[in-house]
$ cat target.cif   # mmCIF, C-alpha atoms
data_upload
loop_
_atom_site.group_PDB
_atom_site.id
_atom_site.type_symbol
_atom_site.label_atom_id
_atom_site.label_comp_id
_atom_site.auth_asym_id
_atom_site.auth_seq_id
_atom_site.Cartn_x
_atom_site.Cartn_y
_atom_site.Cartn_z
ATOM 1 C CA MET A 151 56.393 -43.569 213.091
ATOM 2 C CA PRO A 152 54.940 -41.698 210.112
ATOM 3 C CA GLU A 153 56.582 -41.369 206.743
ATOM 4 C CA ARG A 154 59.682 -39.225 206.567
ATOM 5 C CA LYS A 155 57.978 -36.484 204.526
ATOM 6 C CA LEU A 156 54.976 -36.338 206.868
ATOM 7 C CA ARG A 157 56.977 -35.623 210.025
ATOM 8 C CA SER A 158 56.987 -31.854 209.524
ATOM 9 C CA ARG A 159 53.885 -29.923 210.525
ATOM 10 C CA SER A 160 53.210 -28.574 207.052
ATOM 11 C CA PHE A 161 50.510 -31.257 206.913
ATOM 12 C CA ARG A 162 47.440 -31.117 209.116
ATOM 13 C CA ARG A 163 46.738 -34.316 211.098
ATOM 14 C CA VAL A 164 43.135 -35.531 211.082
ATOM 15 C CA LYS A 165 42.094 -38.480 213.234
ATOM 16 C CA LYS A 166 39.541 -40.744 211.627
ATOM 17 C CA VAL A 167 37.789 -44.014 212.462
ATOM 18 C CA THR A 168 37.645 -46.474 209.586
ATOM 19 C CA PRO A 169 34.517 -48.529 208.838
ATOM 20 C CA GLY A 170 36.347 -51.507 210.389
ATOM 21 C CA GLY A 171 36.792 -49.615 213.658
ATOM 22 C CA ARG A 172 40.528 -48.828 213.399
ATOM 23 C CA ASN A 173 41.800 -45.406 214.457
ATOM 24 C CA VAL A 174 43.989 -43.865 211.756
ATOM 25 C CA THR A 175 45.562 -40.467 211.100
ATOM 26 C CA HIS A 176 45.154 -38.764 207.763
ATOM 27 C CA TYR A 177 47.574 -36.085 206.599
ATOM 28 C CA GLU A 178 45.973 -33.148 204.776
ATOM 29 C CA ARG A 179 47.321 -29.873 203.427
ATOM 30 C CA LYS A 180 46.504 -26.847 205.583
ATOM 31 C CA LYS A 181 43.969 -24.275 204.422
ATOM 32 C CA PRO A 182 45.108 -20.672 203.876
ATOM 33 C CA LYS A 183 44.366 -17.882 206.344
ATOM 34 C CA PRO A 184 40.909 -16.288 205.991
ATOM 35 C CA ALA A 185 40.863 -13.129 203.881
ATOM 36 C CA SER A 186 40.895 -9.866 205.829
ATOM 37 C CA CYS A 187 40.543 -6.164 205.060
ATOM 38 C CA PRO A 188 43.862 -4.301 204.792
ATOM 39 C CA VAL A 189 42.318 -1.090 206.170
ATOM 40 C CA THR A 190 40.121 -2.186 209.069
ATOM 41 C CA GLY A 191 41.650 -5.633 209.630
ATOM 42 C CA GLU A 192 38.290 -7.424 209.951
ATOM 43 C CA LEU A 193 37.610 -10.778 208.262
ATOM 44 C CA LEU A 194 35.965 -10.441 204.855
ATOM 45 C CA LYS A 195 32.491 -11.920 204.467
ATOM 46 C CA GLY A 196 31.622 -13.933 201.383
ATOM 47 C CA VAL A 197 35.183 -15.019 200.637
ATOM 48 C CA PRO A 198 35.616 -18.816 201.024
ATOM 49 C CA ARG A 199 38.636 -20.254 202.844
ATOM 50 C CA GLU A 200 39.782 -22.880 200.338
ATOM 51 C CA ARG A 201 43.000 -24.065 198.725
ATOM 52 C CA PRO A 202 43.853 -22.619 195.288
ATOM 53 C CA THR A 203 42.865 -25.825 193.471
ATOM 54 C CA LYS A 204 39.291 -25.517 194.733
ATOM 55 C CA MET A 205 39.133 -21.743 194.271
ATOM 56 C CA LYS A 206 40.186 -22.213 190.648
ATOM 57 C CA ASN A 207 37.089 -24.257 189.837
ATOM 58 C CA MET A 208 34.653 -21.893 191.600
ATOM 59 C CA PRO A 209 32.698 -19.228 189.687
ATOM 60 C CA LYS A 210 33.689 -15.597 190.313
ATOM 61 C CA THR A 211 30.442 -14.746 192.060
ATOM 62 C CA ARG A 212 31.051 -17.384 194.757
ATOM 63 C CA LYS A 213 34.543 -16.071 195.514
ATOM 64 C CA ARG A 214 33.769 -12.432 196.370
ATOM 65 C CA PRO A 215 30.892 -9.959 196.931
ATOM 66 C CA GLU A 216 29.474 -8.456 193.727
ATOM 67 C CA ARG A 217 30.480 -4.783 194.270
ATOM 68 C CA PRO A 218 33.459 -2.515 193.585
ATOM 69 C CA PHE A 219 36.356 -3.516 195.879
ATOM 70 C CA GLY A 220 34.477 -6.763 196.669
ATOM 71 C CA GLY A 221 36.820 -9.387 198.111
ATOM 72 C CA VAL A 222 39.528 -6.760 198.811
ATOM 73 C CA LEU A 223 38.079 -4.129 201.139
ATOM 74 C CA SER A 224 35.427 -4.561 203.780
ATOM 75 C CA SER A 225 32.107 -2.755 203.242
ATOM 76 C CA LYS A 226 33.009 -0.095 205.827
ATOM 77 C CA ALA A 227 36.375 0.646 204.199
ATOM 78 C CA SER A 228 34.951 0.724 200.665
ATOM 79 C CA ARG A 229 32.213 3.168 201.748
ATOM 80 C CA ALA A 230 34.830 5.468 203.234
ATOM 81 C CA VAL A 231 36.864 5.386 200.016
ATOM 82 C CA LEU A 232 33.819 6.109 197.829
ATOM 83 C CA LYS A 233 32.603 8.912 200.098
ATOM 84 C CA GLU A 234 35.917 10.707 199.675
ATOM 85 C CA LYS A 235 35.639 10.278 195.897
ATOM 86 C CA ALA A 236 32.132 11.807 195.885
ATOM 87 C CA ARG A 237 33.245 14.887 197.878
ATOM 88 C CA GLN A 238 36.115 15.791 195.554
ATOM 89 C CA MET B 55 19.576 17.681 201.507
ATOM 90 C CA PHE B 56 17.897 14.703 199.755
ATOM 91 C CA GLU B 57 15.409 16.564 197.556
ATOM 92 C CA VAL B 58 14.206 15.695 194.024
ATOM 93 C CA GLY B 59 16.904 16.488 191.440
ATOM 94 C CA ARG B 60 19.913 16.158 193.765
ATOM 95 C CA VAL B 61 22.783 14.299 192.062
ATOM 96 C CA CYS B 62 24.203 11.607 194.357
ATOM 97 C CA PHE B 63 26.976 9.012 194.336
ATOM 98 C CA LYS B 64 26.129 5.431 195.231
ATOM 99 C CA ILE B 65 28.497 4.105 197.907
ATOM 100 C CA ALA B 66 27.044 0.710 198.811
ATOM 101 C CA GLY B 67 26.057 -2.420 196.944
ATOM 102 C CA ARG B 68 26.418 -3.650 193.394
ATOM 103 C CA ASP B 69 25.696 -0.210 191.847
ATOM 104 C CA SER B 70 28.238 1.610 194.030
ATOM 105 C CA ASN B 71 30.820 3.905 192.394
ATOM 106 C CA LYS B 72 28.079 5.261 190.053
ATOM 107 C CA TYR B 73 26.189 8.548 189.780
ATOM 108 C CA CYS B 74 22.427 8.827 190.259
ATOM 109 C CA VAL B 75 19.650 11.391 190.735
ATOM 110 C CA ILE B 76 16.852 11.409 193.282
ATOM 111 C CA VAL B 77 13.648 11.064 191.282
ATOM 112 C CA GLU B 78 11.155 10.699 194.116
ATOM 113 C CA LYS B 79 11.175 10.945 197.896
ATOM 114 C CA VAL B 80 9.333 8.145 199.700
ATOM 115 C CA ASP B 81 9.935 9.227 203.304
ATOM 116 C CA ASP B 82 12.783 10.478 205.515
ATOM 117 C CA THR B 83 14.902 7.331 205.065
ATOM 118 C CA PHE B 84 14.048 6.106 201.557
ATOM 119 C CA VAL B 85 14.266 7.711 198.094
ATOM 120 C CA ILE B 86 13.874 6.449 194.503
ATOM 121 C CA ILE B 87 16.963 6.978 192.328
ATOM 122 C CA ASP B 88 17.755 6.688 188.595
ATOM 123 C CA GLY B 89 20.730 7.363 186.324
ATOM 124 C CA GLN B 90 23.842 5.245 185.865
ATOM 125 C CA THR B 91 22.413 2.873 188.458
ATOM 126 C CA ARG B 92 19.259 0.794 188.133
ATOM 127 C CA ARG B 93 16.025 2.651 188.964
ATOM 128 C CA LYS B 94 15.273 1.520 192.510
ATOM 129 C CA LYS B 95 14.297 2.455 196.046
ATOM 130 C CA VAL B 96 17.336 2.933 198.305
ATOM 131 C CA ASN B 97 18.158 3.920 201.856
ATOM 132 C CA VAL B 98 19.612 7.402 202.254
ATOM 133 C CA LYS B 99 22.615 5.847 204.047
ATOM 134 C CA HIS B 100 23.641 4.102 200.798
ATOM 135 C CA ILE B 101 24.100 7.318 198.777
ATOM 136 C CA GLU B 102 26.388 10.343 199.200
ATOM 137 C CA PRO B 103 24.947 13.694 197.992
ATOM 138 C CA THR B 104 27.033 15.953 195.749
ATOM 139 C CA ASP B 105 26.799 19.739 195.263
ATOM 140 C CA LYS B 106 25.016 19.412 191.889
ATOM 141 C CA VAL B 107 21.247 19.716 191.390
ATOM 142 C CA ILE B 108 19.252 18.953 188.198
ATOM 143 C CA GLU B 109 15.876 20.483 187.386
ATOM 144 C CA ILE B 110 13.511 17.545 186.971
ATOM 145 C CA LYS B 111 9.952 16.863 188.061
ATOM 146 C CA ALA B 112 9.136 14.289 190.698
ATOM 147 C CA GLY B 113 8.740 10.800 189.143
ATOM 148 C CA ALA B 114 10.522 11.761 185.880
ATOM 149 C CA ASP B 115 11.151 9.096 183.207
ATOM 150 C CA HIS B 116 14.518 7.482 182.519
ATOM 151 C CA SER B 117 14.789 9.343 179.171
ATOM 152 C CA VAL B 118 14.459 12.713 180.953
ATOM 153 C CA VAL B 119 17.208 11.708 183.405
ATOM 154 C CA VAL B 120 19.508 10.673 180.522
ATOM 155 C CA GLU B 121 19.084 14.089 178.862
ATOM 156 C CA ALA B 122 19.799 15.909 182.115
ATOM 157 C CA PHE B 123 22.920 13.801 182.748
ATOM 158 C CA SER B 124 24.274 14.502 179.262
ATOM 159 C CA LYS B 125 24.458 18.223 180.185
ATOM 160 C CA LEU B 126 26.639 17.298 183.198
ATOM 161 C CA ASP B 127 28.956 15.164 181.007
ATOM 162 C CA ILE B 128 27.930 11.953 182.776
ATOM 163 C CA LYS B 129 27.374 9.115 180.325
ATOM 164 C CA ILE B 130 24.696 6.525 180.906
ATOM 165 C CA PRO B 131 25.257 3.199 179.092
ATOM 166 C CA LEU B 132 22.320 2.096 176.963
ATOM 167 C CA LYS B 133 20.676 -1.194 177.765
ATOM 168 C CA LYS B 134 20.861 -3.749 174.990
ATOM 169 C CA SER B 135 17.958 -6.148 174.716
ATOM 170 C CA LYS B 136 18.807 -9.707 173.717
ATOM 171 C CA LYS B 137 17.337 -11.085 170.523
ATOM 172 C CA PRO B 138 15.370 -14.305 170.881
ATOM 173 C CA THR B 139 17.231 -16.954 168.882
ATOM 174 C CA GLU B 140 15.993 -20.164 170.502
ATOM 175 C CA ARG B 141 12.531 -19.964 168.972
ATOM 176 C CA GLN B 142 13.751 -20.854 165.468
ATOM 177 C CA LYS B 143 15.139 -24.174 166.700
ATOM 178 C CA LYS B 144 11.809 -25.088 168.221
ATOM 179 C CA VAL B 145 9.961 -24.418 164.924
ATOM 180 C CA LYS B 146 12.384 -26.689 163.040
ATOM 181 C CA ALA B 147 11.803 -29.513 165.470
ATOM 182 C CA VAL B 148 8.036 -29.268 165.055
ATOM 183 C CA LYS B 149 8.289 -29.330 161.241
ATOM 184 C CA VAL B 150 10.309 -32.539 161.261
ATOM 185 C CA LYS B 151 7.776 -34.226 163.468
ATOM 186 C CA LYS B 152 4.900 -33.272 161.165
ATOM 187 C CA GLU B 153 6.686 -34.646 158.092
ATOM 188 C CA LYS B 154 7.298 -37.930 159.772
ATOM 189 C CA LYS B 155 3.709 -38.279 160.854
ATOM 190 C CA ALA B 156 2.169 -37.526 157.421
ATOM 191 C CA PRO B 157 3.510 -40.536 155.411
ATOM 192 C CA LYS B 158 2.499 -42.945 158.130
ATOM 193 C CA ALA B 159 -1.132 -41.862 157.858
ATOM 194 C CA GLU B 160 -1.075 -42.254 154.035
ATOM 195 C CA LYS B 161 0.379 -45.703 154.256
ATOM 196 C CA LYS B 162 -2.304 -46.767 156.629
ATOM 197 C CA ALA B 163 -5.010 -45.386 154.327
ATOM 198 C CA THR B 164 -3.620 -47.186 151.238
ATOM 199 C CA VAL B 165 -3.304 -50.436 153.065
ATOM 200 C CA LYS B 166 -6.888 -50.224 154.102
ATOM 201 C CA GLU B 167 -8.038 -49.577 150.514
ATOM 202 C CA GLU B 168 -6.027 -52.425 149.039
ATOM 203 C CA LYS B 169 -7.246 -54.973 151.423
ATOM 204 C CA PRO B 170 -10.489 -56.559 150.158
ATOM 205 C CA VAL B 171 -13.074 -56.622 152.796
ATOM 206 C CA VAL B 172 -13.850 -60.227 153.445
ATOM 207 C CA LYS B 173 -16.733 -60.828 155.641
ATOM 208 C CA LYS B 174 -16.895 -64.173 157.144
ATOM 209 C CA GLU B 175 -20.268 -65.680 156.493
ATOM 210 C CA GLU B 176 -21.107 -67.629 159.433
ATOM 211 C CA VAL B 177 -23.273 -70.564 158.537
ATOM 212 C CA LYS B 178 -24.949 -71.767 161.521
ATOM 213 C CA THR B 179 -25.501 -75.459 161.253
ATOM 214 C CA THR B 180 -27.511 -76.604 164.106
ATOM 215 C CA PRO B 181 -27.147 -80.316 164.400
ATOM 216 C CA LYS B 182 -30.648 -81.663 164.270
ATOM 217 C CA ALA B 183 -31.442 -84.456 166.572
ATOM 218 C CA GLU B 184 -31.757 -87.453 164.382
ATOM 219 C CA VAL B 185 -34.744 -89.431 165.424
ATOM 220 C CA LYS B 186 -34.236 -92.992 164.525
ATOM 221 C CA GLU B 187 -37.491 -94.512 163.552
ATOM 222 C CA SER B 188 -37.545 -98.058 164.602
ATOM 223 C CA PRO B 189 -38.752 -100.151 161.651
ATOM 224 C CA LYS B 190 -41.882 -102.022 162.427
ATOM 225 C CA VAL B 191 -41.319 -105.642 162.030
ATOM 226 C CA GLU B 192 -44.446 -107.561 161.146
ATOM 227 C CA LYS B 193 -44.504 -110.723 162.941
ATOM 228 C CA PRO B 194 -45.881 -113.748 161.101
ATOM 229 C CA GLU B 195 -49.218 -114.741 162.460
ATOM 230 C CA THR B 196 -49.153 -117.820 164.458
ATOM 231 C CA GLU B 197 -51.574 -120.816 163.824
ATOM 232 C CA LEU B 198 -53.512 -120.103 166.963
ATOM 233 C CA GLU B 199 -54.286 -116.553 165.925
ATOM 234 C CA LYS B 200 -55.399 -117.697 162.487
ATOM 235 C CA SER B 201 -57.804 -120.209 163.934
ATOM 236 C CA LEU B 202 -59.268 -117.602 166.264
ATOM 237 C CA LYS B 203 -59.909 -115.209 163.385
ATOM 238 C CA GLU B 204 -61.739 -117.905 161.363
ATOM 239 C CA GLU B 205 -64.017 -118.619 164.224
#

$ encode --input "target.cif" --output "structure tokens"
Amino acid sequence: MPERKLRSRSFRRVKKVTPGGRNVTHYERKKPKPASCPVTGELLKGVPRERPTKMKNMPKTRKRPERPFGGVLSSKASRAVLKEKARQ
Amino acid sequence: MFEVGRVCFKIAGRDSNKYCVIVEKVDDTFVIIDGQTRRKKVNVKHIEPTDKVIEIKAGADHSVVVEAFSKLDIKIPLKKSKKPTERQKKVKAVKVKKEKKAPKAEKKATVKEEKPVVKKEEVKTTPKAEVKESPKVEKPETELEKSLKEE
């Protein structure tokens, strides 16, 4: 029986084999959902799927593509937005 | 549509959301652009043409493009070159090393002058083989010998 606080499924269960050969379960926090585009709904490339503590220590350039709307819109969606702006 | 002097809007990549002008046409798919963006060769798919056209020659300089853009009320930020500041530190480090080296050389020179040059005179003493001369001992003549001599 695991600890009282670990019985809910808010923790991910990872099975591991110790150096001594024992099988144990480790309880780890779940990772967030992968980032997706709000317009097209596709998964964003170049955006890591990490917990906020790790994302905090990363440089900006590793967290999103280096272009306007990078990390928010997909390339297709951003092109469509900018095309409309150019035709005004 | 993509002729020299056509003002375009970059829609892809790091320079997107910026205005540019076609400076040179490479072929049907590629053109060279300049303006708010960096001067570079781009695919036609990455730019959106506008209805404005500037009168410039093919392969015009960046300064010409800046002048033409100023008439359209499009500002181009000037590039600021960084001043080299690290070189001064290197010079200081070299000076310190030279100062340290100089007194050492002087000290060595003075020490050499002060020291009297003493040459060791090597006296080779070859031990001569002492030849012991055995002293001749004269034996007293016996009576027989005396008698023989007299005869």

$ interface_residues --input "target.cif" --of "chain A" --to "chain B" --cutoff "10 Å" --atoms "all atoms listed in the file" --output "PyMOL selection string"
chain A and resi 215-220+225-226+228-238

$ atom_distance --input "target.cif" --atom1 "atom CA of A:Pro182" --atom2 "atom CA of A:Thr168"
27.5 Å

$ atom_distance --input "target.cif" --atom1 "atom CA of B:Phe56" --atom2 "atom CA of B:Arg92"
18.2 Å

$ residues_near_point --input "target.cif" --point "(11.6, 14.0, 193.1)" --cutoff "6 Å" --atoms "only C-alpha atoms" --output "VMD selection string"
chain B and resid 58 76 to 79 112 to 113

$ atom_distance --input "target.cif" --atom1 "atom CA of A:Ser224" --atom2 "atom CA of A:Val197"
10.9 Å

$ resolve_selection --input "target.cif" --expression "the PyMOL selection byres ((chain A and resi 191) around 12)" --output "ChimeraX atom specification"
/A:184-190,192-194,222-227

$ write_last_selection --input "target.cif" --atoms "C-alpha atoms" --output "PDB file, in the coordinates of the input"
ATOM      1  CA  PRO A 184      40.909 -16.288 205.991  1.00  0.00           C
ATOM      2  CA  ALA A 185      40.863 -13.129 203.881  1.00  0.00           C
ATOM      3  CA  SER A 186      40.895  -9.866 205.829  1.00  0.00           C
ATOM      4  CA  CYS A 187      40.543  -6.164 205.060  1.00  0.00           C
ATOM      5  CA  PRO A 188      43.862  -4.301 204.792  1.00  0.00           C
ATOM      6  CA  VAL A 189      42.318  -1.090 206.170  1.00  0.00           C
ATOM      7  CA  THR A 190      40.121  -2.186 209.069  1.00  0.00           C
ATOM      8  CA  GLU A 192      38.290  -7.424 209.951  1.00  0.00           C
ATOM      9  CA  LEU A 193      37.610 -10.778 208.262  1.00  0.00           C
ATOM     10  CA  LEU A 194      35.965 -10.441 204.855  1.00  0.00           C
ATOM     11  CA  VAL A 222      39.528  -6.760 198.811  1.00  0.00           C
ATOM     12  CA  LEU A 223      38.079  -4.129 201.139  1.00  0.00           C
ATOM     13  CA  SER A 224      35.427  -4.561 203.780  1.00  0.00           C
ATOM     14  CA  SER A 225      32.107  -2.755 203.242  1.00  0.00           C
ATOM     15  CA  LYS A 226      33.009  -0.095 205.827  1.00  0.00           C
ATOM     16  CA  ALA A 227      36.375   0.646 204.199  1.00  0.00           C
TER      17      ALA A 227
END

$ residues_around --input "target.cif" --residues "stretch 152-157 of chain A" --least-positions-apart "2" --cutoff "10 Å" --atoms "only C-alpha atoms" --output "ChimeraX atom specification"
/A:159-163,175,177-178

$ decode --input "target.cif" --residues "stretch 167-179 of chain A" --atoms "all heavy atoms" --output "mmCIF file, in the first residue's frame"
data_model
loop_
_atom_site.group_PDB
_atom_site.id
_atom_site.type_symbol
_atom_site.label_atom_id
_atom_site.label_comp_id
_atom_site.auth_asym_id
_atom_site.auth_seq_id
_atom_site.Cartn_x
_atom_site.Cartn_y
_atom_site.Cartn_z
ATOM 1 N N VAL A 167 14.079 -0.679 -11.720
ATOM 2 C CA VAL A 167 14.830 -1.779 -11.117
ATOM 3 C C VAL A 167 16.063 -1.178 -10.453
ATOM 4 O O VAL A 167 16.840 -0.468 -11.102
ATOM 5 C CB VAL A 167 15.250 -2.824 -12.173
ATOM 6 C CG1 VAL A 167 16.012 -3.977 -11.516
ATOM 7 C CG2 VAL A 167 14.039 -3.350 -12.901
ATOM 8 N N THR A 168 16.203 -1.434 -9.165
ATOM 9 C CA THR A 168 17.335 -0.868 -8.426
ATOM 10 C C THR A 168 18.615 -1.620 -8.789
ATOM 11 O O THR A 168 18.548 -2.725 -9.352
ATOM 12 C CB THR A 168 17.102 -0.978 -6.910
ATOM 13 O OG1 THR A 168 16.962 -2.364 -6.592
ATOM 14 C CG2 THR A 168 15.864 -0.227 -6.482
ATOM 15 N N PRO A 169 19.764 -1.070 -8.472
ATOM 16 C CA PRO A 169 21.029 -1.780 -8.709
ATOM 17 C C PRO A 169 21.078 -3.132 -7.999
ATOM 18 O O PRO A 169 21.750 -4.057 -8.455
ATOM 19 C CB PRO A 169 22.074 -0.829 -8.146
ATOM 20 C CG PRO A 169 21.435 0.494 -8.173
ATOM 21 C CD PRO A 169 19.977 0.299 -7.987
ATOM 22 N N GLY A 170 20.365 -3.265 -6.889
ATOM 23 C CA GLY A 170 20.336 -4.545 -6.161
ATOM 24 C C GLY A 170 19.365 -5.556 -6.759
ATOM 25 O O GLY A 170 19.279 -6.692 -6.276
ATOM 26 N N GLY A 171 18.584 -5.132 -7.753
ATOM 27 C CA GLY A 171 17.694 -6.068 -8.434
ATOM 28 C C GLY A 171 16.249 -5.994 -7.974
ATOM 29 O O GLY A 171 15.409 -6.739 -8.462
ATOM 30 N N ARG A 172 15.932 -5.109 -7.008
ATOM 31 C CA ARG A 172 14.558 -4.999 -6.522
ATOM 32 C C ARG A 172 13.714 -4.205 -7.514
ATOM 33 O O ARG A 172 14.220 -3.276 -8.155
ATOM 34 C CB ARG A 172 14.543 -4.276 -5.173
ATOM 35 C CG ARG A 172 14.733 -5.211 -3.979
ATOM 36 C CD ARG A 172 14.441 -4.475 -2.675
ATOM 37 N NE ARG A 172 15.106 -3.172 -2.594
ATOM 38 C CZ ARG A 172 14.483 -2.044 -2.254
ATOM 39 N NH1 ARG A 172 13.198 -2.041 -1.998
ATOM 40 N NH2 ARG A 172 15.159 -0.923 -2.157
ATOM 41 N N ASN A 173 12.443 -4.565 -7.633
ATOM 42 C CA ASN A 173 11.523 -3.758 -8.444
ATOM 43 C C ASN A 173 10.799 -2.769 -7.528
ATOM 44 O O ASN A 173 10.204 -3.172 -6.532
ATOM 45 C CB ASN A 173 10.498 -4.653 -9.134
ATOM 46 C CG ASN A 173 11.132 -5.522 -10.195
ATOM 47 O OD1 ASN A 173 12.018 -5.083 -10.916
ATOM 48 N ND2 ASN A 173 10.704 -6.773 -10.284
ATOM 49 N N VAL A 174 10.917 -1.474 -7.877
ATOM 50 C CA VAL A 174 10.284 -0.442 -7.055
ATOM 51 C C VAL A 174 9.478 0.486 -7.953
ATOM 52 O O VAL A 174 9.703 0.548 -9.168
ATOM 53 C CB VAL A 174 11.320 0.400 -6.275
ATOM 54 C CG1 VAL A 174 12.003 -0.434 -5.215
ATOM 55 C CG2 VAL A 174 12.325 1.027 -7.202
ATOM 56 N N THR A 175 8.525 1.199 -7.351
ATOM 57 C CA THR A 175 7.769 2.210 -8.103
ATOM 58 C C THR A 175 8.159 3.589 -7.595
ATOM 59 O O THR A 175 8.216 3.814 -6.385
ATOM 60 C CB THR A 175 6.255 2.020 -7.918
ATOM 61 O OG1 THR A 175 5.962 1.990 -6.525
ATOM 62 C CG2 THR A 175 5.776 0.748 -8.566
ATOM 63 N N HIS A 176 8.455 4.450 -8.529
ATOM 64 C CA HIS A 176 8.734 5.851 -8.203
ATOM 65 C C HIS A 176 7.519 6.689 -8.582
ATOM 66 O O HIS A 176 6.858 6.405 -9.582
ATOM 67 C CB HIS A 176 9.963 6.339 -8.967
ATOM 68 C CG HIS A 176 11.255 5.847 -8.385
ATOM 69 N ND1 HIS A 176 12.477 6.289 -8.830
ATOM 70 C CD2 HIS A 176 11.516 4.958 -7.397
ATOM 71 C CE1 HIS A 176 13.438 5.693 -8.140
ATOM 72 N NE2 HIS A 176 12.886 4.870 -7.261
ATOM 73 N N TYR A 177 7.264 7.712 -7.786
ATOM 74 C CA TYR A 177 6.121 8.596 -8.037
ATOM 75 C C TYR A 177 6.643 9.938 -8.504
ATOM 76 O O TYR A 177 7.408 10.595 -7.804
ATOM 77 C CB TYR A 177 5.284 8.763 -6.766
ATOM 78 C CG TYR A 177 4.621 7.465 -6.352
ATOM 79 C CD1 TYR A 177 5.299 6.528 -5.587
ATOM 80 C CD2 TYR A 177 3.322 7.181 -6.738
ATOM 81 C CE1 TYR A 177 4.723 5.334 -5.220
ATOM 82 C CE2 TYR A 177 2.720 5.990 -6.375
ATOM 83 C CZ TYR A 177 3.425 5.065 -5.614
ATOM 84 O OH TYR A 177 2.837 3.886 -5.267
ATOM 85 N N GLU A 178 6.289 10.316 -9.738
ATOM 86 C CA GLU A 178 6.775 11.584 -10.308
ATOM 87 C C GLU A 178 5.608 12.455 -10.740
ATOM 88 O O GLU A 178 4.552 11.947 -11.117
ATOM 89 C CB GLU A 178 7.673 11.305 -11.522
ATOM 90 C CG GLU A 178 9.008 10.691 -11.151
ATOM 91 C CD GLU A 178 9.829 10.290 -12.368
ATOM 92 O OE1 GLU A 178 9.397 10.606 -13.493
ATOM 93 O OE2 GLU A 178 10.863 9.655 -12.176
ATOM 94 N N ARG A 179 5.817 13.757 -10.707
ATOM 95 C CA ARG A 179 4.792 14.703 -11.143
ATOM 96 C C ARG A 179 4.598 14.574 -12.656
ATOM 97 O O ARG A 179 5.570 14.360 -13.394
ATOM 98 C CB ARG A 179 5.210 16.144 -10.800
ATOM 99 C CG ARG A 179 4.955 16.507 -9.352
ATOM 100 C CD ARG A 179 3.493 16.797 -9.130
ATOM 101 N NE ARG A 179 3.220 17.146 -7.726
ATOM 102 C CZ ARG A 179 1.991 17.279 -7.233
ATOM 103 N NH1 ARG A 179 0.928 17.072 -8.009
ATOM 104 N NH2 ARG A 179 1.807 17.601 -5.976
#
